[in-house]
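Working notes, beginning with the structure itself.
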Amino acid sequence: MTSPAPQDTDRQRLWSVDEHLADILAAVRPLEPIELQLLDAQGCVLVEDVTVPVALPPFDNSSMDGYAVRTADVQGASEEFPAVLTVVGDVAAGSGELPTVGPGQAARIMTGAPLPPGAEAVVPVEWTDGGTGGGAAAGMTPASAAPQGAGGEVRVHRPAEARAHVRARGSDVQAGDLALAAGTVLGPPQIALLAAIGRGTVRVRPRPRVVVMSTGSELVQPGEALASGTIYDSNSFALAAAARDAGAIAYRVGAVADDADTLRAAIEDQLIRADLLVTTGGVSVGAYDVVKEALSAAGPGSGEATGAGADDVDVDATRMDFRKLAMQPGKPQGFGTVGPDHTPLLALPGNPVSSYVSFELFVRPAIRALMGLPDVSRPVVRALVKSDGPLRSPAGRRQFLRGTYDAESGTVAPVGGSGSHLIAALAHADSLLVVPEDVTSVEPGAELEVVLLG
């Protein structure tokens with residue numbers, strides 16, 4: 001008997017989940033940094049430390065609408081014996097020239113306005129008569145309606161300590177402080193901070209552009225009528241949504257028929273806008289497994305690193321490997337690069353649960369690696385299994401069961417069965433129970449690793 005070639009033996013063996021993921025991450029490089037406007041940088045990752053050029057706030061300012069006063073002038077003030085002060089003007093946010101507050105004087109001041117010279121504290125308008133000569137004021141009359149409010153007298157009914165209701169210059173951040181460290185993902189609060197310190201642009205790694213396409217002549221788009229033998233395409237929607245959740249810009253391509261030439265043309269069309277391509281279906285051993293046929297020169301099962309016709313995806317630039325993994329669901333997988341820019345392509349199985357689990361284990365880490373993030377995978381915890389009976393798992397396979405995790409009790413309960421087509425169960429799961437390869441039965445109360453999906 002002739003011994004198989006080393007590459008054939010390597011191709012026939014079962015690869016572990018960890019080996020497959022390591023191959024993917026070894027081939028994926030972070031995207032090159034670019035300079036973006038703030039709003040365009042949302043969801044991107046900083047590639048450099050950002051320091052504070054000016055203190056925040058840049059000047060002492062009022063945290064209340066009220067009156068800027070000298071503390072000595074309101075010492076001992078009460079409703080029975082109010083301090084009567086002369087109002088010397090208004091200080092609004094954005095005010096330029098400021099009035100000076102001298103002994104026995106006050107300036108009407110608005111929230112965010114700079115503390116005028118001579119003033120030591122702010123008394124809220126509710127502690128005064130608002131300049132009306134009556135009881136406690138509920139608020140200030142708009143300046144446009146009552147400009148005389150900037151003059152006259154105000155009665156203050158309560159004393160104020162020095163710096164009361166005053167936000168000190170630099171109390172948020174000081175000039176030279178580290179505002180945001182390299183590696184920070186920019187969300188709304190980080191965008192706000194960058195704007196507050198005067199940054200109009202920032203250097204980041206862009207969000208990866210991920211193109212998702214389903215394969216299968218049986219697939220119909222939601223909203224259309226089903227014919228005999230057809231089903232709705234859920235995979236492309238699920239994986240495009242998952243790609244967005246991972247931080248990518250996702251493009252969903254309508255289902256591609258089971259035709260190798262059509263798929264090669266579709267892939268070529270998408271290369272211009274893809275940092276990563278994801279296909280679902282067509283990676284197993286069937287006669288219509290179009291992804292393997294389109295991207296392997298010798299057809300299904302070859303696994304050779306070659307491509308298709310010269311008029312489609314570049315033969316010399318396509319390098320794909322199709323392999324079987326020791327996992328359930330998601331045994332058949334493909335990974336490689338296509339096109340002149342060697343764009344990564346992950347070929348996932350077509351069953352809905354298989355494709356989603358494969359996305360979480362392999363595609364999400366690839367997206368996070370493209371973003372330049374150090375932590376690419378979902379968080380993992382250990383929890384006690386809460387079930388009515390033992391959970392069965394095939395020998396030699398790492399099984400991923402859908403579950404619901406209860407952080408308070410530290411337990412996880414399986415949802416639905418192990419079938420790779422059970423979409424309804426997946427919709428109610430927030431975690432994956434991980435049953436190791438050497439475990440075939442998990443008793444209630446046993447401890448397992450749990451991948452948190454939410």
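Scheme for the structure tokens: letters A, B, ... for chains in order shown; per-chain residue numbers from 1; ligand numbers from 1 in order shown.
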Skip Gly66 (chain A) itself and residues of its chain fewer than 4 positions away, then list as a compact mmCIF listing (two decimals) with C-alpha atoms, in the first residue's frame all residues within 8 Å of it, counting only C-alpha atoms.
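Once written, selection-v3.txt looks like this:
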# COMPACT_ATOMS: atom_id res chain seq x y z
CA ARG A 108 -25.71 87.58 38.50
CA ILE A 109 -23.99 84.46 37.10
CA MET A 110 -25.09 81.55 34.93
CA VAL A 122 -21.67 81.37 44.12
CA VAL A 123 -25.01 81.36 45.92
CA PRO A 124 -27.80 79.56 43.98
CA VAL A 125 -30.67 81.78 42.91
CA GLU A 126 -32.97 79.69 45.12
- Task: List every residue of region 95-319 of chain A that DSSP, applied to the backbone of this structure, places in helix (DSSP H, G or I), and write the result as an NGL selection string.
- Result: :A and (125-127 or 147-150 or 188-196 or 235-246 or 260-273 or 290-295)
- Nearest to Trp127 (chain A), restricted to only C-alpha atoms and choosing among A:Asp406, A:Glu79, A:Asp172, A:Asp49, comes out as A:Glu79
- Item | Contacts of region 191-203 of chain A within 9 Å, only C-alpha atoms, excl. fewer than 4 positions in-chain, as a PyMOL selection string | chain A and resi 33-39+41-42+45-48+50-56+179-180+186-187
- Task: Tell me, as a list in words, which residues lie within 10 Å of region 80-86 of chain A, counting only C-alpha atoms; anything in the same chain fewer than 6 positions away does not count.
- Result: Tyr67, Val69, Asp73, Val74, Val101, Gly102, Pro103, Gly104, Gln105, Ala106, Ala107, Trp127, Thr128, Asp129, Gly131, Ala150, Gly151, Gly152, Glu153, Val154, Arg155, Val156, His157, Arg158 and Pro159 of chain A
Residues just named, written with N, CA, C and O atoms as a JSON list (two decimals), in the first residue's frame:
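Printed below is out_38.json as written:
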[["chain", "number", "residue", "atom", "x", "y", "z"],
["A", 67, "TYR", "N", -25.72, 83.93, 42.05],
["A", 67, "TYR", "CA", -25.01, 85.20, 42.22],
["A", 67, "TYR", "C", -23.59, 84.93, 42.71],
["A", 67, "TYR", "O", -23.38, 84.14, 43.65],
["A", 69, "VAL", "N", -20.50, 86.09, 44.73],
["A", 69, "VAL", "CA", -20.41, 86.97, 45.90],
["A", 69, "VAL", "C", -19.06, 86.82, 46.58],
["A", 69, "VAL", "O", -18.29, 85.90, 46.30],
["A", 73, "ASP", "N", -19.49, 89.02, 52.70],
["A", 73, "ASP", "CA", -20.71, 89.80, 52.55],
["A", 73, "ASP", "C", -21.98, 89.00, 52.86],
["A", 73, "ASP", "O", -23.05, 89.58, 53.06],
["A", 74, "VAL", "N", -21.86, 87.66, 52.84],
["A", 74, "VAL", "CA", -23.06, 86.84, 53.10],
["A", 74, "VAL", "C", -22.92, 86.04, 54.38],
["A", 74, "VAL", "O", -23.78, 85.21, 54.70],
["A", 101, "VAL", "N", -16.37, 92.19, 41.33],
["A", 101, "VAL", "CA", -17.27, 92.16, 42.50],
["A", 101, "VAL", "C", -16.51, 92.71, 43.70],
["A", 101, "VAL", "O", -15.53, 92.12, 44.17],
["A", 102, "GLY", "N", -16.94, 93.89, 44.15],
["A", 102, "GLY", "CA", -16.31, 94.50, 45.30],
["A", 102, "GLY", "C", -17.11, 94.27, 46.57],
["A", 102, "GLY", "O", -18.14, 93.57, 46.56],
["A", 103, "PRO", "N", -16.71, 94.84, 47.70],
["A", 103, "PRO", "CA", -17.43, 94.69, 48.96],
["A", 103, "PRO", "C", -18.88, 95.14, 48.82],
["A", 103, "PRO", "O", -19.17, 96.18, 48.22],
["A", 104, "GLY", "N", -19.80, 94.33, 49.31],
["A", 104, "GLY", "CA", -21.22, 94.65, 49.27],
["A", 104, "GLY", "C", -21.85, 94.49, 47.90],
["A", 104, "GLY", "O", -22.97, 94.96, 47.68],
["A", 105, "GLN", "N", -21.15, 93.83, 47.00],
["A", 105, "GLN", "CA", -21.66, 93.69, 45.63],
["A", 105, "GLN", "C", -21.83, 92.20, 45.25],
["A", 105, "GLN", "O", -21.29, 91.31, 45.91],
["A", 106, "ALA", "N", -22.58, 91.97, 44.18],
["A", 106, "ALA", "CA", -22.78, 90.64, 43.62],
["A", 106, "ALA", "C", -22.97, 90.76, 42.12],
["A", 106, "ALA", "O", -23.35, 91.83, 41.63],
["A", 107, "ALA", "N", -22.66, 89.70, 41.41],
["A", 107, "ALA", "CA", -22.92, 89.65, 39.97],
["A", 107, "ALA", "C", -23.81, 88.45, 39.69],
["A", 107, "ALA", "O", -23.58, 87.37, 40.19],
["A", 127, "TRP", "N", -31.41, 80.56, 46.83],
["A", 127, "TRP", "CA", -31.06, 81.07, 48.17],
["A", 127, "TRP", "C", -31.29, 82.58, 48.26],
["A", 127, "TRP", "O", -30.96, 83.20, 49.25],
["A", 128, "THR", "N", -31.86, 83.16, 47.21],
["A", 128, "THR", "CA", -32.04, 84.62, 47.16],
["A", 128, "THR", "C", -33.48, 84.95, 46.78],
["A", 128, "THR", "O", -34.29, 84.07, 46.51],
["A", 129, "ASP", "N", -33.75, 86.26, 46.76],
["A", 129, "ASP", "CA", -35.07, 86.71, 46.28],
["A", 129, "ASP", "C", -35.07, 86.97, 44.79],
["A", 129, "ASP", "O", -36.07, 87.43, 44.22],
["A", 131, "GLY", "N", -33.70, 89.27, 43.23],
["A", 131, "GLY", "CA", -33.75, 90.70, 42.93],
["A", 131, "GLY", "C", -35.15, 91.26, 42.87],
["A", 131, "GLY", "O", -35.34, 92.40, 42.45],
["A", 150, "ALA", "N", -29.96, 92.71, 35.83],
["A", 150, "ALA", "CA", -28.52, 92.79, 35.98],
["A", 150, "ALA", "C", -28.10, 93.93, 36.89],
["A", 150, "ALA", "O", -26.92, 94.13, 37.15],
["A", 151, "GLY", "N", -29.07, 94.68, 37.39],
["A", 151, "GLY", "CA", -28.77, 95.77, 38.32],
["A", 151, "GLY", "C", -29.67, 95.69, 39.54],
["A", 151, "GLY", "O", -30.35, 94.69, 39.78],
["A", 152, "GLY", "N", -29.68, 96.76, 40.31],
["A", 152, "GLY", "CA", -30.53, 96.79, 41.50],
["A", 152, "GLY", "C", -29.92, 96.07, 42.67],
["A", 152, "GLY", "O", -28.68, 96.02, 42.82],
["A", 153, "GLU", "N", -30.77, 95.47, 43.51],
["A", 153, "GLU", "CA", -30.31, 94.79, 44.71],
["A", 153, "GLU", "C", -30.83, 93.35, 44.73],
["A", 153, "GLU", "O", -31.84, 93.03, 44.12],
["A", 154, "VAL", "N", -30.09, 92.50, 45.46],
["A", 154, "VAL", "CA", -30.51, 91.13, 45.68],
["A", 154, "VAL", "C", -30.36, 90.82, 47.16],
["A", 154, "VAL", "O", -29.41, 91.26, 47.81],
["A", 155, "ARG", "N", -31.33, 90.10, 47.70],
["A", 155, "ARG", "CA", -31.28, 89.67, 49.09],
["A", 155, "ARG", "C", -30.87, 88.20, 49.14],
["A", 155, "ARG", "O", -31.53, 87.36, 48.54],
["A", 156, "VAL", "N", -29.81, 87.93, 49.86],
["A", 156, "VAL", "CA", -29.27, 86.57, 49.99],
["A", 156, "VAL", "C", -29.67, 86.02, 51.35],
["A", 156, "VAL", "O", -29.41, 86.64, 52.39],
["A", 157, "HIS", "N", -30.30, 84.82, 51.35],
["A", 157, "HIS", "CA", -30.90, 84.27, 52.57],
["A", 157, "HIS", "C", -30.02, 83.25, 53.27],
["A", 157, "HIS", "O", -30.39, 82.78, 54.36],
["A", 158, "ARG", "N", -28.88, 82.88, 52.67],
["A", 158, "ARG", "CA", -28.02, 81.85, 53.28],
["A", 158, "ARG", "C", -26.57, 82.22, 53.06],
["A", 158, "ARG", "O", -26.21, 82.80, 52.03],
["A", 159, "PRO", "N", -25.69, 81.86, 54.00],
["A", 159, "PRO", "CA", -24.26, 82.13, 53.81],
["A", 159, "PRO", "C", -23.66, 81.12, 52.83],
["A", 159, "PRO", "O", -24.25, 80.08, 52.53]]
- Query: Given the choices A:Thr404, A:Lys324, A:Ser409, A:Val211, which gets closest to Ala241 (chain A) if the distance is worked out from only C-alpha atoms?
  - Reply: A:Val211
Distance table requested - region 178-220 of chain A against region 274-293 of chain A, cut-off 10 Å, only C-alpha atoms: one row per qualifying residue with the closest atom pair and its distance in Å to one decimal, ordered by chain and rising residue number, as a Markdown table.
| residue | atom | partner | partner_atom | distance |
| --- | --- | --- | --- | --- |
| A:Arg207 | CA | A:Asp275 | CA | 9.4 |
| A:Pro208 | CA | A:Asp275 | CA | 5.8 |
| A:Arg209 | CA | A:Asp275 | CA | 5.1 |
| A:Val210 | CA | A:Leu276 | CA | 4.9 |
| A:Val211 | CA | A:Leu277 | CA | 4.9 |
| A:Val212 | CA | A:Val278 | CA | 4.8 |
| A:Met213 | CA | A:Thr279 | CA | 5.0 |
| A:Ser214 | CA | A:Thr280 | CA | 4.9 |
| A:Thr215 | CA | A:Gly281 | CA | 5.5 |
| A:Gly216 | CA | A:Gly281 | CA | 7.0 |
| A:Ser217 | CA | A:Tyr288 | CA | 9.6 |
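Picture a line from CA of Val204 (chain A) to CA of Val451 (chain A); it runs 28.8 Å.
CA of Arg252 (chain A) sits 15.0 Å away from CA of Val363 (chain A).
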- Item | From A:Leu263, A:Val87, A:Ala238, A:Leu115, residue lying nearest Ser62 (chain A) [only C-alpha atoms] | A:Leu115
- Query: What are the DSSP strand (DSSP E) residues of region 11-126 of chain A, as a ChimeraX atom specification?
  - Reply: /A:14-15,34-37,45-46,50-51,61-62,66-69,83-91,105-109,121-124
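Taking CA of Val415 (chain A) and CA of Phe335 (chain A) as endpoints, the distance between them is 29.7 Å.
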- Message: With distances taken over only C-alpha atoms, which residue among A:Pro58, A:Gly350, A:Pro365, A:Gly43 lies nearest Gln174 (chain A)?
- Response: A:Pro58
- Message: If we count only C-alpha atoms and set the cut-off at 10 Å, which residues sit around Ser234 (chain A), ignoring sequence neighbours fewer than 6 positions away in its own chain? Please answer as a PyMOL selection string.
- Response: chain A and resi 214+219-222+255+351-352+423
